[in-house]
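Accompanying notes for the structure given below.
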Amino acid sequence: MMSHDGQYVLIIRHMDDKKTRYITAKKLARLFPAKPFARWKASLDGGGATVVMRADSMASLEAFKESLEMLGAAVEVVDQRTMGGAKVF
């Protein structure tokens, strides 16, 4: 299940390659079935960063990060910050 809070955020940066975005969206839909493939694909096609999940431990994100990197996705784990009371990464 995808976590909506936590200190660390697993994100996917914009990818120019359509095939990589498609394959990544398929993988995300399998990993997180609560969000359908079409929504993952639209999010990745929209450009910018796509938040995949949040966790309190960076180690808990590593398996997901490696799995997505093997597909060629531009994956990054960032430290969650709060600015003006709003969460930003």
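Scheme for the structure tokens: letters A, B, ... for chains in order shown; per-chain residue numbers from 1; ligand numbers from 1 in order shown.
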
Taking 4 positions as the minimum chain separation for residues in the same chain, which residues sit within 12 Å of range 14-18 of chain A when counting only C-alpha atoms? Answer as a ChimeraX atom specification. /A:22-25,41-51,71-76

Please identify all polymer residues within 12 Å of Ser60 in chain A, counting only C-alpha atoms, omitting same-chain residues fewer than 3 positions from it, and present them as a list in words.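 Answer for this query is Met2, Ser3, Gly6, Gln7, Tyr8, Val9, Leu10, Met53, Arg54, Ala55, Asp56, Ser57, Ala63, Phe64, Lys65, Glu66 and Val77 of chain A.
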
Quick one: write out the picked residues with all heavy atoms as a tab-separated table (two decimals), in the first residue's frame?
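Contents of out_12.tsv, as written:
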```
chain	number	residue	atom	x	y	z
A	2	MET	N	0.47	2.26	-0.73
A	2	MET	CA	1.24	3.48	-0.85
A	2	MET	C	1.03	4.34	0.39
A	2	MET	O	-0.09	4.57	0.81
A	2	MET	CB	0.79	4.25	-2.09
A	2	MET	CG	1.66	5.41	-2.40
A	2	MET	SD	1.32	6.29	-3.94
A	2	MET	CE	-0.11	5.59	-4.60
A	3	SER	N	2.13	4.81	0.96
A	3	SER	CA	2.09	5.66	2.13
A	3	SER	C	1.99	7.12	1.70
A	3	SER	O	2.63	7.54	0.75
A	3	SER	CB	3.35	5.45	2.97
A	3	SER	OG	3.38	6.34	4.04
A	6	GLY	N	5.53	10.62	5.65
A	6	GLY	CA	6.84	10.08	5.96
A	6	GLY	C	7.92	11.10	5.68
A	6	GLY	O	7.71	12.08	4.97
A	7	GLN	N	9.08	10.86	6.24
A	7	GLN	CA	10.22	11.77	6.13
A	7	GLN	C	10.85	11.75	4.74
A	7	GLN	O	11.33	12.76	4.25
A	7	GLN	CB	11.27	11.40	7.18
A	7	GLN	CG	12.53	12.22	7.15
A	7	GLN	CD	12.30	13.67	7.54
A	7	GLN	OE1	11.42	13.97	8.34
A	7	GLN	NE2	13.09	14.56	6.98
A	8	TYR	N	10.85	10.59	4.08
A	8	TYR	CA	11.51	10.44	2.79
A	8	TYR	C	10.49	10.20	1.69
A	8	TYR	O	9.47	9.55	1.91
A	8	TYR	CB	12.52	9.29	2.83
A	8	TYR	CG	13.60	9.54	3.85
A	8	TYR	CD1	13.52	8.94	5.10
A	8	TYR	CD2	14.66	10.40	3.59
A	8	TYR	CE1	14.48	9.19	6.06
A	8	TYR	CE2	15.62	10.64	4.54
A	8	TYR	CZ	15.53	10.04	5.78
A	8	TYR	OH	16.48	10.30	6.74
A	9	VAL	N	10.77	10.74	0.51
A	9	VAL	CA	9.84	10.66	-0.61
A	9	VAL	C	10.56	10.02	-1.80
A	9	VAL	O	11.64	10.46	-2.19
A	9	VAL	CB	9.34	12.07	-1.02
A	9	VAL	CG1	8.31	11.98	-2.11
A	9	VAL	CG2	8.80	12.82	0.18
A	10	LEU	N	9.94	8.99	-2.36
A	10	LEU	CA	10.44	8.36	-3.58
A	10	LEU	C	9.74	9.03	-4.75
A	10	LEU	O	8.51	9.00	-4.84
A	10	LEU	CB	10.15	6.85	-3.57
A	10	LEU	CG	10.59	6.07	-4.81
A	10	LEU	CD1	12.12	6.07	-4.92
A	10	LEU	CD2	10.07	4.65	-4.75
A	53	MET	N	5.89	7.22	-3.42
A	53	MET	CA	5.53	6.88	-2.05
A	53	MET	C	6.39	7.65	-1.07
A	53	MET	O	7.41	8.21	-1.44
A	53	MET	CB	5.66	5.37	-1.81
A	53	MET	CG	7.07	4.84	-1.89
A	53	MET	SD	7.21	3.05	-1.72
A	53	MET	CE	6.67	2.77	-0.07
A	54	ARG	N	5.93	7.64	0.18
A	54	ARG	CA	6.66	8.29	1.28
A	54	ARG	C	6.89	7.25	2.37
A	54	ARG	O	6.08	6.34	2.53
A	54	ARG	CB	5.84	9.45	1.83
A	54	ARG	CG	5.55	10.53	0.82
A	54	ARG	CD	4.55	11.54	1.40
A	54	ARG	NE	4.02	12.41	0.38
A	54	ARG	CZ	4.58	13.53	-0.03
A	54	ARG	NH1	5.70	13.94	0.52
A	54	ARG	NH2	4.04	14.25	-0.98
A	55	ALA	N	7.97	7.40	3.11
A	55	ALA	CA	8.27	6.48	4.20
A	55	ALA	C	9.11	7.18	5.25
A	55	ALA	O	9.76	8.19	4.97
A	55	ALA	CB	9.01	5.26	3.67
A	56	ASP	N	9.10	6.64	6.45
A	56	ASP	CA	9.92	7.20	7.54
A	56	ASP	C	11.37	6.73	7.46
A	56	ASP	O	12.24	7.32	8.06
A	56	ASP	CB	9.32	6.82	8.90
A	56	ASP	CG	8.03	7.58	9.16
A	56	ASP	OD1	7.94	8.76	8.78
A	56	ASP	OD2	7.11	6.97	9.73
A	57	SER	N	11.61	5.66	6.71
A	57	SER	CA	12.95	5.09	6.59
A	57	SER	C	13.37	5.04	5.12
A	57	SER	O	12.63	4.55	4.29
A	57	SER	CB	12.94	3.67	7.18
A	57	SER	OG	14.05	2.95	6.75
A	63	ALA	N	14.19	-0.95	-2.07
A	63	ALA	CA	13.75	-2.03	-2.97
A	63	ALA	C	12.91	-1.48	-4.11
A	63	ALA	O	13.07	-1.89	-5.27
A	63	ALA	CB	12.96	-3.08	-2.19
A	64	PHE	N	12.01	-0.54	-3.81
A	64	PHE	CA	11.19	0.07	-4.85
A	64	PHE	C	12.05	0.89	-5.80
A	64	PHE	O	11.88	0.85	-7.01
A	64	PHE	CB	10.11	0.96	-4.22
A	64	PHE	CG	9.09	0.21	-3.45
A	64	PHE	CD1	9.13	0.17	-2.08
A	64	PHE	CD2	8.07	-0.48	-4.10
A	64	PHE	CE1	8.18	-0.53	-1.35
A	64	PHE	CE2	7.11	-1.18	-3.38
A	64	PHE	CZ	7.17	-1.21	-2.01
A	65	LYS	N	13.00	1.63	-5.24
A	65	LYS	CA	13.90	2.46	-6.04
A	65	LYS	C	14.69	1.61	-7.02
A	65	LYS	O	14.74	1.91	-8.22
A	65	LYS	CB	14.84	3.24	-5.13
A	65	LYS	CG	15.80	4.17	-5.86
A	65	LYS	CD	16.66	4.94	-4.86
A	65	LYS	CE	17.56	5.92	-5.54
A	65	LYS	NZ	18.87	5.43	-5.82
A	66	GLU	N	15.28	0.54	-6.54
A	66	GLU	CA	16.08	-0.34	-7.40
A	66	GLU	C	15.22	-1.00	-8.47
A	66	GLU	O	15.65	-1.11	-9.63
A	66	GLU	CB	16.79	-1.39	-6.56
A	66	GLU	CG	17.90	-0.82	-5.71
A	66	GLU	CD	18.52	-1.85	-4.78
A	66	GLU	OE1	18.26	-3.06	-4.95
A	66	GLU	OE2	19.27	-1.44	-3.88
A	77	VAL	N	15.31	9.52	-4.20
A	77	VAL	CA	14.74	9.60	-2.86
A	77	VAL	C	15.17	10.95	-2.29
A	77	VAL	O	16.35	11.28	-2.28
A	77	VAL	CB	15.24	8.46	-1.95
A	77	VAL	CG1	14.73	8.64	-0.53
A	77	VAL	CG2	14.80	7.11	-2.50
```

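Distance check against Arg13 in chain A using only C-alpha atoms: of A:Met58, A:Ala29, A:Ala34, A:Val78, the minimum falls on A:Val78.
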
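Note that the spacing between CA of Leu28 in chain A and CA of Leu68 in chain A amounts to 8.4 Å.
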
As a count of residues only, please: every residue in range 14-63 of chain A that DSSP puts in strand (DSSP E). 6

Determine which residues of range 16-68 of chain A DSSP labels as helix (DSSP H, G or I) from the backbone of this structure, then write them out as a VMD selection string. chain A and resid 18 to 31 37 to 45 59 to 68

N, CA and C atoms of the current selection, written as a compact mmCIF listing (two decimals), in the first residue's frame:
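Heads up, here's the output in result11.txt:
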```
# COMPACT_ATOMS: atom_id res chain seq x y z
N LYS A 18 9.17 7.79 -24.22
CA LYS A 18 7.79 7.35 -24.04
C LYS A 18 7.71 5.89 -23.59
N LYS A 19 8.56 5.05 -24.16
CA LYS A 19 8.54 3.63 -23.81
C LYS A 19 8.89 3.42 -22.35
N THR A 20 9.89 4.14 -21.86
CA THR A 20 10.28 4.03 -20.45
C THR A 20 9.15 4.50 -19.55
N ARG A 21 8.47 5.58 -19.93
CA ARG A 21 7.34 6.05 -19.13
C ARG A 21 6.23 5.00 -19.09
N TYR A 22 5.95 4.38 -20.23
CA TYR A 22 4.90 3.36 -20.32
C TYR A 22 5.24 2.16 -19.43
N ILE A 23 6.46 1.65 -19.56
CA ILE A 23 6.89 0.49 -18.78
C ILE A 23 6.88 0.82 -17.29
N THR A 24 7.32 2.02 -16.95
CA THR A 24 7.33 2.44 -15.55
C THR A 24 5.91 2.54 -15.01
N ALA A 25 4.99 3.08 -15.78
CA ALA A 25 3.59 3.18 -15.34
C ALA A 25 3.00 1.79 -15.13
N LYS A 26 3.32 0.83 -16.00
CA LYS A 26 2.83 -0.56 -15.83
C LYS A 26 3.36 -1.15 -14.52
N LYS A 27 4.64 -0.93 -14.25
CA LYS A 27 5.26 -1.45 -13.02
C LYS A 27 4.62 -0.81 -11.79
N LEU A 28 4.41 0.50 -11.83
CA LEU A 28 3.79 1.20 -10.70
C LEU A 28 2.37 0.70 -10.45
N ALA A 29 1.63 0.43 -11.52
CA ALA A 29 0.26 -0.08 -11.37
C ALA A 29 0.25 -1.46 -10.73
N ARG A 30 1.29 -2.26 -11.00
CA ARG A 30 1.40 -3.57 -10.36
C ARG A 30 1.83 -3.44 -8.89
N LEU A 31 2.75 -2.52 -8.61
CA LEU A 31 3.22 -2.33 -7.25
C LEU A 31 2.18 -1.67 -6.35
N PHE A 37 -3.40 2.07 -13.78
CA PHE A 37 -2.36 2.33 -14.77
C PHE A 37 -2.55 3.68 -15.47
N ALA A 38 -3.78 3.99 -15.88
CA ALA A 38 -4.04 5.23 -16.63
C ALA A 38 -3.64 6.47 -15.82
N ARG A 39 -3.87 6.44 -14.52
CA ARG A 39 -3.49 7.59 -13.69
C ARG A 39 -1.98 7.68 -13.53
N TRP A 40 -1.30 6.54 -13.36
CA TRP A 40 0.17 6.56 -13.29
C TRP A 40 0.74 7.10 -14.59
N LYS A 41 0.21 6.61 -15.72
CA LYS A 41 0.72 7.03 -17.04
C LYS A 41 0.50 8.52 -17.25
N ALA A 42 -0.69 9.00 -16.91
CA ALA A 42 -0.98 10.43 -17.06
C ALA A 42 -0.04 11.27 -16.19
N SER A 43 0.24 10.80 -15.01
CA SER A 43 1.14 11.52 -14.11
C SER A 43 2.55 11.57 -14.68
N LEU A 44 3.04 10.44 -15.20
CA LEU A 44 4.39 10.41 -15.78
C LEU A 44 4.45 11.20 -17.09
N ASP A 45 3.40 11.16 -17.89
CA ASP A 45 3.37 11.90 -19.15
C ASP A 45 3.24 13.40 -18.94
N ALA A 59 15.63 3.16 3.98
CA ALA A 59 15.85 1.75 3.66
C ALA A 59 14.58 1.08 3.13
N SER A 60 13.42 1.50 3.61
CA SER A 60 12.18 0.89 3.15
C SER A 60 11.84 1.28 1.71
N LEU A 61 12.48 2.32 1.19
CA LEU A 61 12.25 2.75 -0.19
C LEU A 61 13.23 2.12 -1.18
N GLU A 62 14.34 1.59 -0.67
CA GLU A 62 15.41 1.09 -1.54
C GLU A 62 14.97 0.01 -2.52
N ALA A 63 14.19 -0.95 -2.07
CA ALA A 63 13.75 -2.03 -2.97
C ALA A 63 12.91 -1.48 -4.11
N PHE A 64 12.01 -0.54 -3.81
CA PHE A 64 11.19 0.07 -4.85
C PHE A 64 12.05 0.89 -5.80
N LYS A 65 13.00 1.63 -5.24
CA LYS A 65 13.90 2.46 -6.04
C LYS A 65 14.69 1.61 -7.02
N GLU A 66 15.28 0.54 -6.54
CA GLU A 66 16.08 -0.34 -7.40
C GLU A 66 15.22 -1.00 -8.47
N SER A 67 14.03 -1.41 -8.11
CA SER A 67 13.11 -2.04 -9.06
C SER A 67 12.77 -1.10 -10.21
N LEU A 68 12.55 0.16 -9.90
CA LEU A 68 12.20 1.15 -10.93
C LEU A 68 13.42 1.57 -11.74
```
